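Peer 1: Sending over a structure as structure tokens; questions will come in a sec.
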Amino acid sequence: MIDLETAGDGPQDVCEIGWQDVSVDVDGRWQVTEERGALLVNPGRPISPDTMAVHHIRDEDVIGAPFWKEVAPPVLKPASGVVALAAHRAAFEQRYCRPSLTAGVQWICTWKCALRLWPHLHRFSNQMLRYQRKPEGLVHEIGLPAHRAMPDAYVTAHHLRDMLNQASLDQLMAWSSQPALLPRVPAGPERGKGWDQLNLAALNELATNRDADIRFTARAELGRREIQLPAPVEVAQAKLL
């Protein structure tokens with residue numbers, strides 16, 4: 001499990017990386033291990049006030065810290081090896097953890113997987129999942145402060161553990177490689193409705209939406225309805241003698 005804090009939106013703007021390992025035990029159950037940590041990173045530029053207000057990492061905190069290209073490889077490619085990297089809304093971490101730094105290992109997005117496994121929940125941010133789900137074994141103090149790399153990775157690892165004990169590793173990676181399957185319409189006149197509540201006109205309109213997740217989910221619901229349509233009854237043709 002990986003979490004990054006950044007100085008801004010630039011391609012080298014990482015100012016902290018945190019990690020928390022999850023591994024499978026002899027009984028085949030996944031567990032959160034004691035392997036966790038964090039490292040400050042010199043982003044090579046001033047940290048923006050906007051991001052500083054989120055994570056509270058200051059310029060003086062990263063003076064003398066190593067640069068991203070030095071920090072990333074041993075964390076992302078540990079000597080013990082990894083079967084996958086994971087993050088909550090992993091697209092953000094993947095912007096910085098490029099394949100050249102990860103040896104092309106596959107990713108799990110715990111946000112996308114939460115949408116699939118726990119669609120009944122109201123919200124799916126890392127911290128909201130923490131308090132809605134109350135994962136077993138999560139030590140409250142280790143998961144604080146929020147919006148720092150190691151505590152956030154620690155919290156997300158508990159979601160990942162439960163996901164891996166509910167679905168297969170291959171399934172989580174497959175879901176993560178697709179757009180998000182949204183449990184409810186996120187915006188517009190149908191906002192908050194379940195997709196099964198929409199009429200065909202609304203679904204067809206959303207199936208051409210510019211947002212890839214909305215488009216994907218609307219098309220999935222259309223496909224589901226196609227599957228549930230009754231099979232056509234074959235009418236015996238009249239015979240001519």
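Order determines the names: the first chain of the structure tokens is A, the second B, and so forth; residues in each chain are numbered 1 upward, and ligands are numbered 1 upward as they are shown.
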May I have the residues within 9 Å of segment 46-56 of chain A as a PyMOL selection string, using only C-alpha atoms and disregarding those fewer than 2 positions away in the same chain?
Peer 2: chain A and resi 5-8+13+15+43-44+58-59+145-149
Peer 1: Just write the chosen residues, N, CA, C and O atoms, as an mmCIF file, in the first residue's frame.
Peer 2:
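Written file, selection_32.cif:
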```cif
data_model
loop_
_atom_site.group_PDB
_atom_site.id
_atom_site.type_symbol
_atom_site.label_atom_id
_atom_site.label_comp_id
_atom_site.auth_asym_id
_atom_site.auth_seq_id
_atom_site.Cartn_x
_atom_site.Cartn_y
_atom_site.Cartn_z
ATOM 1 N N GLU A 5 2.337 12.308 -0.612
ATOM 2 C CA GLU A 5 1.991 13.713 -0.412
ATOM 3 C C GLU A 5 2.868 14.520 -1.363
ATOM 4 O O GLU A 5 4.024 14.139 -1.621
ATOM 5 N N THR A 6 2.338 15.596 -1.900
ATOM 6 C CA THR A 6 3.058 16.330 -2.929
ATOM 7 C C THR A 6 3.149 17.820 -2.617
ATOM 8 O O THR A 6 2.414 18.348 -1.783
ATOM 9 N N ALA A 7 4.064 18.475 -3.358
ATOM 10 C CA ALA A 7 4.260 19.916 -3.218
ATOM 11 C C ALA A 7 3.357 20.705 -4.146
ATOM 12 O O ALA A 7 3.219 21.916 -4.006
ATOM 13 N N GLY A 8 2.759 20.043 -5.117
ATOM 14 C CA GLY A 8 1.923 20.687 -6.128
ATOM 15 C C GLY A 8 1.503 19.660 -7.141
ATOM 16 O O GLY A 8 1.320 18.486 -6.811
ATOM 17 N N ASP A 13 6.870 16.325 -8.007
ATOM 18 C CA ASP A 13 6.492 17.103 -6.830
ATOM 19 C C ASP A 13 6.266 16.307 -5.550
ATOM 20 O O ASP A 13 5.708 16.833 -4.588
ATOM 21 N N CYS A 15 6.650 15.013 -1.972
ATOM 22 C CA CYS A 15 7.397 15.471 -0.794
ATOM 23 C C CYS A 15 7.356 14.460 0.350
ATOM 24 O O CYS A 15 8.050 14.642 1.355
ATOM 25 N N PRO A 43 11.181 17.897 -3.090
ATOM 26 C CA PRO A 43 10.539 18.034 -4.405
ATOM 27 C C PRO A 43 11.302 18.928 -5.362
ATOM 28 O O PRO A 43 10.910 19.055 -6.535
ATOM 29 N N GLY A 44 12.353 19.581 -4.879
ATOM 30 C CA GLY A 44 13.148 20.435 -5.755
ATOM 31 C C GLY A 44 12.498 21.761 -6.071
ATOM 32 O O GLY A 44 12.940 22.467 -6.983
ATOM 33 N N ARG A 58 6.360 21.319 5.501
ATOM 34 C CA ARG A 58 6.881 22.639 5.149
ATOM 35 C C ARG A 58 8.174 22.511 4.361
ATOM 36 O O ARG A 58 8.836 21.461 4.366
ATOM 37 N N ASP A 59 8.559 23.587 3.704
ATOM 38 C CA ASP A 59 9.820 23.585 2.949
ATOM 39 C C ASP A 59 11.002 23.214 3.840
ATOM 40 O O ASP A 59 11.880 22.448 3.435
ATOM 41 N N PRO A 145 -1.601 11.527 11.999
ATOM 42 C CA PRO A 145 -2.659 12.406 11.484
ATOM 43 C C PRO A 145 -3.068 12.020 10.065
ATOM 44 O O PRO A 145 -2.270 11.489 9.298
ATOM 45 N N ALA A 146 -4.315 12.303 9.737
ATOM 46 C CA ALA A 146 -4.775 12.081 8.365
ATOM 47 C C ALA A 146 -4.028 13.016 7.427
ATOM 48 O O ALA A 146 -3.534 14.067 7.830
ATOM 49 N N HIS A 147 -3.917 12.587 6.170
ATOM 50 C CA HIS A 147 -3.239 13.344 5.109
ATOM 51 C C HIS A 147 -1.731 13.423 5.318
ATOM 52 O O HIS A 147 -1.081 14.338 4.800
ATOM 53 N N ARG A 148 -1.195 12.473 6.062
ATOM 54 C CA ARG A 148 0.235 12.205 6.032
ATOM 55 C C ARG A 148 0.399 10.806 5.465
ATOM 56 O O ARG A 148 -0.473 9.931 5.611
ATOM 57 N N ALA A 149 1.531 10.561 4.814
ATOM 58 C CA ALA A 149 1.653 9.396 3.941
ATOM 59 C C ALA A 149 1.540 8.056 4.675
ATOM 60 O O ALA A 149 0.806 7.173 4.243
#
```
Peer 1: I'd like the neighbourhood of Gly37 of chain A as a PyMOL selection string, where a residue qualifies if any of its atoms comes within 8 Å (using only C-alpha atoms), though same-chain residues fewer than 2 positions away should be ignored.
Peer 2: chain A and resi 18-20+35+39+150
Peer 1: Could those selected residues go to a file with N, CA, C and O atoms, as a PDB file, in the first residue's frame?
Peer 2:
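Wrote it out as out23.pdb, contents follow:
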```pdb
ATOM      1  N   GLY A  18       4.677   7.145   1.897  1.00  0.00           N
ATOM      2  CA  GLY A  18       4.428   6.238   3.004  1.00  0.00           C
ATOM      3  C   GLY A  18       4.008   4.888   2.479  1.00  0.00           C
ATOM      4  O   GLY A  18       3.468   4.781   1.378  1.00  0.00           O
ATOM      5  N   TRP A  19       4.255   3.862   3.255  1.00  0.00           N
ATOM      6  CA  TRP A  19       3.892   2.513   2.823  1.00  0.00           C
ATOM      7  C   TRP A  19       3.466   1.661   4.009  1.00  0.00           C
ATOM      8  O   TRP A  19       3.837   1.920   5.157  1.00  0.00           O
ATOM      9  N   GLN A  20       2.635   0.678   3.707  1.00  0.00           N
ATOM     10  CA  GLN A  20       2.161  -0.307   4.683  1.00  0.00           C
ATOM     11  C   GLN A  20       1.951  -1.616   3.941  1.00  0.00           C
ATOM     12  O   GLN A  20       1.203  -1.677   2.973  1.00  0.00           O
ATOM     13  N   GLU A  35       5.224  -4.108   8.720  1.00  0.00           N
ATOM     14  CA  GLU A  35       6.123  -3.425   7.791  1.00  0.00           C
ATOM     15  C   GLU A  35       5.468  -2.152   7.275  1.00  0.00           C
ATOM     16  O   GLU A  35       4.575  -2.203   6.433  1.00  0.00           O
ATOM     17  N   LEU A  39       9.047   8.301   4.264  1.00  0.00           N
ATOM     18  CA  LEU A  39      10.255   9.068   3.994  1.00  0.00           C
ATOM     19  C   LEU A  39       9.867  10.415   3.408  1.00  0.00           C
ATOM     20  O   LEU A  39       9.011  10.493   2.518  1.00  0.00           O
ATOM     21  N   MET A 150       2.279   7.873   5.770  1.00  0.00           N
ATOM     22  CA  MET A 150       2.212   6.578   6.442  1.00  0.00           C
ATOM     23  C   MET A 150       0.869   6.320   7.106  1.00  0.00           C
ATOM     24  O   MET A 150       0.278   5.247   6.913  1.00  0.00           O
TER      25      MET A 150
END
```
Peer 1: So which residues touch Met163 of chain A within 8 Å, counting only C-alpha atoms, skipping near sequence neighbours fewer than 4 positions away, as a VMD selection string?
Peer 2: chain A and resid 113 to 114 117 159 167 172
Peer 1: Write out the residues from the selection above, keeping N, CA and C atoms, as a short mmCIF file (atom, residue, chain, number, x, y, z; two decimals), in the first residue's frame.
Peer 2:
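For reference, out_28.cif as written:
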```cif
data_model
loop_
_atom_site.label_atom_id
_atom_site.label_comp_id
_atom_site.auth_asym_id
_atom_site.auth_seq_id
_atom_site.Cartn_x
_atom_site.Cartn_y
_atom_site.Cartn_z
N CYS A 113 -12.34 -0.53 -6.06
CA CYS A 113 -12.77 -1.81 -5.51
C CYS A 113 -13.83 -1.63 -4.43
N ALA A 114 -13.73 -0.56 -3.64
CA ALA A 114 -14.75 -0.28 -2.63
C ALA A 114 -16.10 -0.04 -3.27
N LEU A 117 -17.40 -3.58 -4.05
CA LEU A 117 -17.64 -4.50 -2.94
C LEU A 117 -18.61 -3.97 -1.90
N HIS A 159 -8.47 -1.53 4.54
CA HIS A 159 -9.50 -1.74 3.52
C HIS A 159 -9.04 -2.80 2.52
N ALA A 167 -12.53 -10.86 -2.16
CA ALA A 167 -12.41 -11.10 -3.61
C ALA A 167 -10.97 -11.49 -3.90
N LEU A 172 -9.49 -7.93 -8.05
CA LEU A 172 -9.23 -6.55 -7.65
C LEU A 172 -8.40 -5.83 -8.71
#
```
Peer 1: What residues in segment 65-142 of chain A get the DSSP label strand (DSSP E or B)? Please answer as number ranges by chain.
Peer 2: A: 67, 85-87, 107-109
Peer 1: Take the residues that were just selected and, keeping N, CA, C and O atoms, output them as a short mmCIF file (atom, residue, chain, number, x, y, z; two decimals), in the first residue's frame.
Peer 2:
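So the final result, stored in part15.cif, reads:
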```
data_model
loop_
_atom_site.label_atom_id
_atom_site.label_comp_id
_atom_site.auth_asym_id
_atom_site.auth_seq_id
_atom_site.Cartn_x
_atom_site.Cartn_y
_atom_site.Cartn_z
N PHE A 67 16.04 13.19 -3.24
CA PHE A 67 15.09 13.44 -4.31
C PHE A 67 14.31 12.16 -4.63
O PHE A 67 14.68 11.05 -4.25
N LEU A 85 1.06 -3.21 -6.38
CA LEU A 85 1.05 -1.98 -5.60
C LEU A 85 -0.40 -1.53 -5.47
O LEU A 85 -1.22 -1.82 -6.35
N ALA A 86 -0.70 -0.83 -4.39
CA ALA A 86 -2.08 -0.41 -4.16
C ALA A 86 -2.10 1.00 -3.60
O ALA A 86 -1.17 1.42 -2.91
N ALA A 87 -3.17 1.71 -3.88
CA ALA A 87 -3.39 3.05 -3.34
C ALA A 87 -4.87 3.37 -3.45
O ALA A 87 -5.59 2.78 -4.26
N TRP A 107 -1.43 -2.52 -10.44
CA TRP A 107 -1.93 -1.71 -9.35
C TRP A 107 -3.33 -2.16 -8.94
O TRP A 107 -4.11 -2.64 -9.76
N ILE A 108 -3.64 -1.95 -7.67
CA ILE A 108 -5.00 -2.08 -7.15
C ILE A 108 -5.44 -0.70 -6.68
O ILE A 108 -4.71 -0.04 -5.93
N CYS A 109 -6.60 -0.26 -7.14
CA CYS A 109 -7.19 0.99 -6.67
C CYS A 109 -8.27 0.64 -5.65
O CYS A 109 -9.32 0.10 -6.01
#
```
Peer 1: DSSP says helix (DSSP H, G or I) for which residues of segment 91-237 of chain A? Put them as a PyMOL selection string?
Peer 2: chain A and resi 91-96+99-102+110-117+126-133+149-164+169-176+195-197+200-206+212-228
Peer 1: Please list as a compact mmCIF listing (two decimals) with all heavy atoms, in the first residue's frame every residue within 8 Å of Pro135 of chain A, counting only C-alpha atoms and excluding residues in the same chain fewer than 4 positions away.
Peer 2:
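Generated file (out_26.txt):
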```txt
# COMPACT_ATOMS: atom_id res chain seq x y z
N ARG A 130 -13.00 4.45 6.62
CA ARG A 130 -12.46 4.12 7.95
C ARG A 130 -13.55 4.16 9.02
O ARG A 130 -13.65 3.25 9.85
CB ARG A 130 -11.34 5.11 8.28
CG ARG A 130 -10.82 5.07 9.69
CD ARG A 130 -9.86 6.21 9.93
NE ARG A 130 -9.14 6.08 11.16
CZ ARG A 130 -8.06 6.80 11.47
NH1 ARG A 130 -7.60 7.70 10.62
NH2 ARG A 130 -7.45 6.62 12.63
N HIS A 158 -5.95 -1.54 5.67
CA HIS A 158 -7.01 -2.32 6.31
C HIS A 158 -8.20 -2.53 5.37
O HIS A 158 -8.84 -3.59 5.40
CB HIS A 158 -7.44 -1.64 7.61
CG HIS A 158 -6.45 -1.80 8.72
ND1 HIS A 158 -5.28 -1.05 8.77
CD2 HIS A 158 -6.42 -2.63 9.79
CE1 HIS A 158 -4.59 -1.41 9.86
NE2 HIS A 158 -5.26 -2.36 10.48
N HIS A 159 -8.47 -1.53 4.54
CA HIS A 159 -9.50 -1.74 3.52
C HIS A 159 -9.04 -2.80 2.52
O HIS A 159 -9.80 -3.69 2.14
CB HIS A 159 -9.79 -0.43 2.79
CG HIS A 159 -10.17 0.72 3.67
ND1 HIS A 159 -11.01 0.58 4.75
CD2 HIS A 159 -9.81 2.03 3.64
CE1 HIS A 159 -11.16 1.75 5.34
NE2 HIS A 159 -10.45 2.65 4.69
N ASP A 162 -9.28 -6.39 3.79
CA ASP A 162 -10.64 -6.92 3.78
C ASP A 162 -11.12 -7.20 2.36
O ASP A 162 -11.87 -8.16 2.12
CB ASP A 162 -11.58 -5.95 4.48
CG ASP A 162 -11.25 -5.81 5.97
OD1 ASP A 162 -10.53 -6.68 6.52
OD2 ASP A 162 -11.70 -4.82 6.58
```
Peer 1: Which neighbours of Ser100 of chain A fall inside 12 Å, counting only C-alpha atoms, when residues of the same chain fewer than 3 positions from it are skipped, and could you give them as number ranges by chain?
Peer 2: A: 69, 72-73, 76-77, 94-97, 103-105
Peer 1: A:Pro66, A:Pro186, A:Met1, A:Asp170: which is nearest His122 of chain A, counting only C-alpha atoms?
Peer 2: A:Pro186
Peer 1: Could you work out how far atom CA of Ala91 of chain A lies from atom CA of Val32 of chain A, giving the answer in Å with one decimal?
Peer 2: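 It comes out at 22.7 Å.
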Peer 1: Using only C-alpha atoms for the distances, tell me which of A:Leu160, A:Val155, A:Leu101, A:Ile63 is nearest to Gln127 of chain A.
Peer 2: A:Val155
Peer 1: If you measure from atom CA of Pro74 of chain A to atom CA of Ile2 of chain A, what distance in Å do you get, rounded to one decimal?
Peer 2: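 Here the two named atoms are 12.7 Å from each other.
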Peer 1: Rounded to one decimal in Å, what is the spacing between atom CA of Gln106 of chain A and atom CA of Met128 of chain A?
Peer 2: 25.7 Å
Peer 1: Could you name the residues that touch Pro189 of chain A at 12 Å or less, counting only C-alpha atoms, but leaving out those on the same chain fewer than 5 positions away, as a VMD selection string?
Peer 2: chain A and resid 198 202 205 to 206
Peer 1: Please produce a file of those selected residues containing N, CA and C atoms, as a short mmCIF file (atom, residue, chain, number, x, y, z; two decimals), in the first residue's frame.
Peer 2:
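What follows is the written file selection14.cif:
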```
data_model
loop_
_atom_site.label_atom_id
_atom_site.label_comp_id
_atom_site.auth_asym_id
_atom_site.auth_seq_id
_atom_site.Cartn_x
_atom_site.Cartn_y
_atom_site.Cartn_z
N LEU A 198 -33.14 4.66 -13.32
CA LEU A 198 -33.18 5.56 -14.47
C LEU A 198 -33.94 4.94 -15.63
N ALA A 202 -32.60 8.50 -20.03
CA ALA A 202 -31.55 9.06 -19.17
C ALA A 202 -30.28 8.23 -19.25
N GLU A 205 -28.42 8.86 -22.50
CA GLU A 205 -27.74 10.15 -22.47
C GLU A 205 -26.45 10.06 -21.65
N LEU A 206 -26.52 9.42 -20.48
CA LEU A 206 -25.34 9.30 -19.62
C LEU A 206 -24.30 8.36 -20.24
#
```
Peer 1: Near Thr208 of chain A, within 10 Å and counting only C-alpha atoms, which residues show up once chain neighbours fewer than 6 positions away are dropped, as an NGL selection string?
Peer 2: :A and (214-216 or 218-219)
